[in-house]
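Below is the file work.cif, which contains mmCIF, C-alpha atoms and all ligand atoms.
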```cif
data_input
#
loop_
_atom_site.label_atom_id
_atom_site.label_comp_id
_atom_site.auth_asym_id
_atom_site.auth_seq_id
_atom_site.Cartn_x
_atom_site.Cartn_y
_atom_site.Cartn_z
CA MET E 1 107.32 99.36 132.45
CA ASN E 2 110.29 101.64 131.74
CA ARG E 3 111.20 101.69 128.08
CA LEU E 4 114.76 101.14 126.89
CA ASN E 5 116.60 104.47 126.52
CA ASP E 6 113.66 106.21 128.26
CA ARG E 7 111.64 106.08 125.05
CA ARG E 8 108.30 107.88 125.25
CA ALA E 9 105.07 105.90 124.71
CA ASP E 10 104.57 107.55 121.31
CA GLN E 11 108.19 107.40 120.18
CA LEU E 12 109.61 105.15 117.47
CA ARG E 13 112.93 103.40 117.98
CA PRO E 14 115.76 105.05 116.00
CA VAL E 15 115.00 104.48 112.31
CA ASN E 16 117.67 104.06 109.68
CA PHE E 17 117.49 103.37 105.95
CA GLU E 18 120.56 102.24 104.08
CA LEU E 19 120.04 102.16 100.31
CA GLY E 20 121.75 100.13 97.60
CA ILE E 21 122.97 97.35 99.88
CA ALA E 22 122.35 94.72 97.15
CA PRO E 23 123.74 96.19 93.92
CA HIS E 24 122.20 93.57 91.63
CA ALA E 25 118.70 94.36 92.89
CA SER E 26 116.66 97.09 91.16
CA GLY E 27 116.03 98.58 94.58
CA SER E 28 117.40 97.57 97.96
CA VAL E 29 117.15 98.89 101.48
CA LEU E 30 118.47 97.76 104.85
CA ILE E 31 115.97 99.15 107.32
CA GLY E 32 116.85 99.45 110.97
CA MET E 33 114.28 100.13 113.67
CA GLY E 34 116.25 99.95 116.87
CA ASN E 35 117.85 96.51 116.90
CA THR E 36 115.45 95.08 114.32
CA ARG E 37 117.10 95.07 110.93
CA VAL E 38 115.57 93.76 107.71
CA LEU E 39 117.09 93.47 104.24
CA CYS E 40 114.59 94.36 101.51
CA GLY E 41 115.54 93.66 97.91
CA VAL E 42 113.42 94.12 94.79
CA MET E 43 113.83 92.55 91.38
CA ILE E 44 111.57 92.97 88.37
CA GLU E 45 110.79 90.14 86.03
CA GLU E 46 109.55 90.87 82.51
CA SER E 47 106.66 88.40 82.77
CA VAL E 48 103.54 87.70 84.84
CA PRO E 49 102.42 84.62 86.79
CA ARG E 50 100.79 81.79 84.89
CA TRP E 51 97.35 82.38 86.47
CA MET E 52 97.28 85.91 85.07
CA LYS E 53 98.04 84.68 81.55
CA ASP E 54 95.46 81.87 81.86
CA GLN E 55 92.76 84.21 83.13
CA ARG E 56 93.80 86.97 80.70
CA VAL E 57 94.26 89.46 83.54
CA SER E 58 95.99 92.58 82.24
CA GLY E 59 98.72 94.54 84.02
CA GLY E 60 101.45 93.26 86.31
CA TRP E 61 101.81 91.62 89.69
CA LEU E 62 103.78 91.99 92.91
CA THR E 63 104.72 89.15 95.16
CA ALA E 64 106.69 89.10 98.41
CA GLU E 65 108.76 86.62 100.36
CA TYR E 66 109.76 86.93 104.02
CA SER E 67 112.22 84.95 106.01
CA MET E 68 114.28 85.20 109.17
CA LEU E 69 117.96 84.45 108.62
CA PRO E 70 119.18 81.63 110.89
CA TYR E 71 121.37 84.03 112.89
CA SER E 72 118.71 86.75 113.23
CA THR E 73 117.45 85.31 116.51
CA LEU E 74 119.14 84.57 119.85
CA THR E 75 119.04 80.84 119.23
CA ARG E 76 119.59 79.64 115.66
CA LYS E 77 116.42 79.46 113.60
CA PRO E 78 116.72 76.70 111.00
CA ARG E 79 115.98 77.73 107.43
CA ASP E 80 112.53 76.68 106.17
CA ILE E 81 114.19 74.68 103.40
CA SER E 82 115.82 72.39 105.96
CA LYS E 83 112.35 71.57 107.30
CA GLY E 84 110.99 71.15 103.79
CA ARG E 85 108.15 73.65 104.23
CA LEU E 86 107.48 77.34 104.78
CA ASP E 87 106.35 77.96 108.35
CA GLY E 88 102.88 79.39 108.92
CA ARG E 89 104.17 82.63 110.41
CA SER E 90 106.43 83.40 107.42
CA SER E 91 103.63 82.61 105.01
CA GLU E 92 101.23 84.93 106.87
CA ILE E 93 103.83 87.72 106.93
CA GLN E 94 104.77 87.51 103.28
CA ARG E 95 101.14 87.70 102.24
CA LEU E 96 100.74 90.79 104.44
CA ILE E 97 103.76 92.41 102.78
CA GLY E 98 102.38 91.61 99.31
CA ARG E 99 98.93 93.02 100.12
CA SER E 100 100.44 96.15 101.64
CA MET E 101 102.51 96.86 98.55
CA ARG E 102 99.77 96.05 96.04
CA ALA E 103 97.49 98.52 97.86
CA VAL E 104 99.70 101.39 96.67
CA LEU E 105 100.67 100.02 93.29
CA ASP E 106 98.90 100.64 89.99
CA LEU E 107 99.26 97.19 88.44
CA GLU E 108 98.07 98.43 85.02
CA LYS E 109 100.80 101.06 84.88
CA LEU E 110 103.38 98.43 85.81
CA GLY E 111 102.65 96.56 82.55
CA ALA E 112 103.16 92.81 82.13
CA ARG E 113 105.87 92.54 84.79
CA THR E 114 106.27 90.92 88.19
CA ILE E 115 107.85 92.77 91.08
CA TRP E 116 109.57 90.39 93.49
CA VAL E 117 110.07 91.74 97.00
CA ASP E 118 112.41 89.72 99.21
CA CYS E 119 112.53 90.59 102.89
CA ASP E 120 115.13 88.83 105.02
CA VAL E 121 115.45 89.57 108.70
CA LEU E 122 119.07 90.16 109.66
CA GLN E 123 118.36 90.88 113.30
CA ALA E 124 115.04 90.28 115.05
CA ASP E 125 114.00 92.40 118.00
CA GLY E 126 110.25 92.77 117.53
CA GLY E 127 108.33 94.40 114.70
CA THR E 128 110.06 92.57 111.87
CA ARG E 129 106.92 92.36 109.72
CA THR E 130 106.23 96.07 110.03
CA ALA E 131 109.88 97.02 109.39
CA ALA E 132 109.79 94.74 106.31
CA ILE E 133 106.80 96.67 104.91
CA THR E 134 108.37 100.08 105.57
CA GLY E 135 111.66 98.99 103.96
CA ALA E 136 109.90 97.25 101.06
CA SER E 137 107.95 100.41 100.28
CA LEU E 138 111.22 102.30 99.74
CA ALA E 139 112.86 99.48 97.79
CA VAL E 140 109.84 99.12 95.46
CA SER E 141 109.73 102.90 94.94
CA LEU E 142 113.41 102.88 93.96
CA ALA E 143 112.93 99.91 91.61
CA CYS E 144 109.94 101.58 89.93
CA GLN E 145 111.87 104.83 89.55
CA ARG E 146 114.56 102.81 87.79
CA LEU E 147 111.97 101.47 85.32
CA VAL E 148 111.04 105.08 84.55
CA ASP E 149 114.70 106.13 84.22
CA GLU E 150 115.28 103.23 81.84
CA LYS E 151 112.25 104.49 79.84
CA LYS E 152 110.45 101.15 80.21
CA ILE E 153 107.36 102.89 81.60
CA PRO E 154 106.34 106.57 81.35
CA GLU E 155 105.57 107.07 85.03
CA SER E 156 105.97 105.25 88.32
CA PRO E 157 103.13 102.84 89.19
CA ILE E 158 103.60 103.68 92.87
CA LYS E 159 100.62 105.77 93.93
CA LYS E 160 101.70 106.51 97.49
CA LEU E 161 104.26 105.56 100.09
CA VAL E 162 103.18 102.99 102.64
CA ALA E 163 104.65 102.17 106.05
CA ALA E 164 103.83 100.00 109.04
CA VAL E 165 104.40 99.94 112.76
CA SER E 166 103.35 97.98 115.81
CA ALA E 167 101.66 99.15 118.98
CA GLY E 168 100.64 97.32 122.11
CA VAL E 169 99.40 97.56 125.65
CA ILE E 170 101.57 96.87 128.69
CA ASP E 171 100.24 97.43 132.24
CA ASP E 172 97.22 99.17 130.69
CA VAL E 173 99.44 101.70 128.88
CA ALA E 174 99.41 101.89 125.08
CA LEU E 175 102.89 101.98 123.55
CA LEU E 176 104.22 102.49 120.02
CA ASP E 177 106.73 100.24 118.22
CA LEU E 178 107.35 97.38 120.65
CA ASP E 179 110.73 95.71 120.90
CA TYR E 180 110.96 91.98 121.62
CA GLU E 181 110.98 92.34 125.44
CA GLU E 182 107.96 94.63 125.24
CA ASP E 183 106.23 92.35 122.75
CA LYS E 184 106.57 89.47 125.22
CA ALA E 185 105.11 91.57 128.03
CA ALA E 186 102.25 93.05 125.99
CA THR E 187 98.70 91.85 126.52
CA VAL E 188 97.62 93.30 123.19
CA ASP E 189 99.55 93.40 119.97
CA LEU E 190 98.54 95.55 117.02
CA ASN E 191 100.18 95.89 113.63
CA LEU E 192 99.09 98.81 111.51
CA VAL E 193 99.77 99.50 107.84
CA ALA E 194 98.87 102.92 106.38
CA THR E 195 99.71 105.23 103.50
CA GLU E 196 101.17 108.72 103.38
CA ASP E 197 97.72 110.33 103.35
CA GLY E 198 96.71 108.43 106.48
CA ALA E 199 94.53 105.84 104.71
CA LEU E 200 94.59 102.45 106.41
CA VAL E 201 95.70 99.36 104.49
CA GLU E 202 95.56 96.72 107.22
CA VAL E 203 94.97 96.48 110.95
CA GLN E 204 95.99 93.30 112.74
CA GLY E 205 95.18 93.42 116.42
CA ALA E 206 94.88 90.65 118.96
CA GLY E 207 94.66 90.16 122.69
CA GLU E 208 97.31 87.75 123.99
CA GLU E 209 95.53 85.77 126.72
CA ALA E 210 93.66 89.02 127.40
CA THR E 211 91.04 91.35 126.01
CA PHE E 212 91.19 95.02 125.17
CA SER E 213 88.77 97.91 125.19
CA HIS E 214 87.46 100.09 122.40
CA GLU E 215 89.37 103.02 123.94
CA GLN E 216 92.62 101.06 123.96
CA LEU E 217 92.11 100.15 120.31
CA LEU E 218 91.65 103.83 119.45
CA GLU E 219 94.73 104.75 121.47
CA MET E 220 96.86 102.17 119.66
CA LEU E 221 95.48 103.31 116.32
CA SER E 222 96.35 106.90 117.01
CA LEU E 223 99.85 105.99 118.22
CA GLY E 224 100.32 103.85 115.11
CA ARG E 225 99.17 106.58 112.75
CA LYS E 226 101.56 109.06 114.34
CA GLY E 227 104.40 106.53 114.05
CA ILE E 228 103.59 105.86 110.41
CA ALA E 229 103.57 109.59 109.64
CA ASP E 230 107.07 109.81 111.18
CA LEU E 231 108.26 106.79 109.17
CA ILE E 232 106.90 108.19 105.92
CA ALA E 233 108.62 111.54 106.57
CA GLY E 234 111.86 109.53 106.90
CA GLN E 235 111.18 107.58 103.70
CA ARG E 236 110.47 110.81 101.83
CA SER E 237 113.70 112.49 102.83
CA VAL E 238 115.74 109.38 101.93
CA LEU E 239 113.98 109.14 98.54
CA ALA E 240 114.53 112.83 97.82
CA ARG E 241 118.26 112.43 98.52
CA ALA E 242 118.42 109.27 96.37
CA VAL E 243 116.67 110.96 93.42
CA ALA E 244 118.97 114.00 93.76
CA GLY E 245 121.91 111.58 93.65
CA THR E 246 123.20 112.57 97.06
CA GLY E 247 121.80 109.59 98.93
N1 LIG E 301 110.82 85.82 117.22
C1 LIG E 301 111.86 84.93 117.29
N2 LIG E 301 111.75 83.74 116.61
C2 LIG E 301 110.66 83.42 115.88
C3 LIG E 301 109.60 84.32 115.82
C4 LIG E 301 109.70 85.51 116.50
O1 LIG E 301 112.86 85.21 117.92
O2 LIG E 301 110.63 82.34 115.28
C5 LIG E 301 110.93 87.10 117.95
C6 LIG E 301 111.52 88.17 117.06
O3 LIG E 301 112.31 89.07 117.83
C7 LIG E 301 110.30 88.86 116.53
C8 LIG E 301 109.43 88.84 117.78
O4 LIG E 301 109.65 87.56 118.32
O5 LIG E 301 110.57 90.14 116.04
C9 LIG E 301 107.95 89.06 117.56
O6 LIG E 301 107.45 88.11 116.68
P1 LIG E 301 106.06 88.31 115.92
O7 LIG E 301 105.66 87.01 115.34
O8 LIG E 301 105.13 89.04 116.81
O9 LIG E 301 106.41 89.20 114.62
P2 LIG E 301 107.16 90.57 114.42
O10 LIG E 301 106.90 91.42 115.63
O11 LIG E 301 108.61 90.27 114.24
O12 LIG E 301 106.54 91.14 113.19
#
```

Translate this file's structure into structure tokens.
Ligand code: UDP
Amino acid sequence: MNRLNDRRADQLRPVNFELGIAPHASGSVLIGMGNTRVLCGVMIEESVPRWMKDQRVSGGWLTAEYSMLPYSTLTRKPRDISKGRLDGRSSEIQRLIGRSMRAVLDLEKLGARTIWVDCDVLQADGGTRTAAITGASLAVSLACQRLVDEKKIPESPIKKLVAAVSAGVIDDVALLDLDYEEDKAATVDLNLVATEDGALVEVQGAGEEATFSHEQLLEMLSLGRKGIADLIAGQRSVLARAVAGTG
């Protein structure tokens, strides 16, 4: 299968980070990966969830929400609220985003606060959950830096950057960062979350009406790790510009 714009098997779609798109948020990023675009906004609440108070758990918490805007898809996707319940896919994705962020966050250093991460898909073309994680990582880093700048905490609770990407297999060939057309054609779909030092946070891989081999799994993992290293290099340069005030 020829890839759009002659993309190589190990090549990400063009990645773009636009910061500060939601001025009232403590950190906000519009991430673009090809035609997939996700709004990631972070707000910090000066309190913790009830269960933490009840169980006397110290430190803070981070929670995430994910949703696809009605006009993010080719045919209108009704808002969950109009159906009266969160759909299973959104619920699965927002828990993944929360776990991914908490894996790199020192909740003790955060203090008794809750970080809210809201990810809303503006345009869906495959890989929205992974783009949400990569964008959220930047938005949370910016929000935590703001807590430090405001002298609310002495140092950022973010231990490392985290990013995510998809990989898959089409016609027995492993490919990085599938768009929607590729996602539909893929017989295997893998979502990988990893940190800047290459440590894995989560691997979600499944055969779609098909199976896959150990070798293919390793191939997808290595493509994914390369893609994540590229994404984290991008996050780093955007953060450096933002901190220097030139972003
Ligand atoms: N998609 C859609 N409507 C939906 C769910 C998915 O149009 O209700 C499309 C969308 O382009 C999405 C892709 O299918 O990016 C792949 O969906 P999947 O559940 O695999 O998650 P994603 O790849 O977005 O993380």

Could you tell me which of E:Gly245, E:Pro14, E:Gly234, E:Gly227 comes closest to Leu175 (chain E) if we count all atoms listed in the file?
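Answer, going by the shortest atom-to-atom distance: E:Gly227.
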
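Across the structure, atom N1 of ligand LIG 301 (chain E) and CA of Pro70 (chain E) are spaced 11.3 Å apart.
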
Between CA of Val165 (chain E) and CA of Ser90 (chain E), what is the distance in Å, rounded to a tenth?
17.5 Å

Which chains and residue numbers are within 6 Å of ligand LIG 301 (chain E), counting all atoms listed in the file, if I want them as a VMD selection string?
chain E and resid 73 124 to 130 180

Which value, in Å to one decimal, gives the distance between CA of Leu218 (chain E) and CA of Glu182 (chain E)?
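That distance, rounded to one decimal, is 19.6 Å.
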
Residues proximal to (114.4, 92.6, 88.7) were defined as those with any atom within 12 Å of that point in the file's coordinates, counting all atoms listed in the file. Which are they, as a CSV table (one decimal) with C-alpha atoms, keeping the file's coordinate frame?
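Resulting contents of selection21.csv:
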```csv
chain,number,residue,atom,x,y,z
E,22,ALA,CA,122.4,94.7,97.2
E,23,PRO,CA,123.7,96.2,93.9
E,24,HIS,CA,122.2,93.6,91.6
E,25,ALA,CA,118.7,94.4,92.9
E,26,SER,CA,116.7,97.1,91.2
E,27,GLY,CA,116.0,98.6,94.6
E,28,SER,CA,117.4,97.6,98.0
E,41,GLY,CA,115.5,93.7,97.9
E,42,VAL,CA,113.4,94.1,94.8
E,43,MET,CA,113.8,92.6,91.4
E,44,ILE,CA,111.6,93.0,88.4
E,45,GLU,CA,110.8,90.1,86.0
E,46,GLU,CA,109.6,90.9,82.5
E,47,SER,CA,106.7,88.4,82.8
E,62,LEU,CA,103.8,92.0,92.9
E,113,ARG,CA,105.9,92.5,84.8
E,114,THR,CA,106.3,90.9,88.2
E,115,ILE,CA,107.8,92.8,91.1
E,116,TRP,CA,109.6,90.4,93.5
E,117,VAL,CA,110.1,91.7,97.0
E,118,ASP,CA,112.4,89.7,99.2
E,139,ALA,CA,112.9,99.5,97.8
E,140,VAL,CA,109.8,99.1,95.5
E,142,LEU,CA,113.4,102.9,94.0
E,143,ALA,CA,112.9,99.9,91.6
E,144,CYS,CA,109.9,101.6,89.9
E,146,ARG,CA,114.6,102.8,87.8
E,147,LEU,CA,112.0,101.5,85.3
```

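Proximity of E:Gln11, E:Thr36, E:Asn5, E:Gln204 to Leu223 (chain E), computed with all atoms listed in the file, is greatest for E:Gln11.
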
For Val169 (chain E), which residue among E:Ala233, E:Ala186, E:Ile153, E:Leu30 is the nearest when counting all atoms listed in the file?
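Looking only at the distances to Val169 (chain E), the closest residue turns out to be E:Ala186.
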
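Proximity to Asp172 (chain E) was assessed for E:Val104, E:Ile31, E:Val188, E:Ile93 counting only C-alpha atoms; the smallest distance is recorded for E:Val188.
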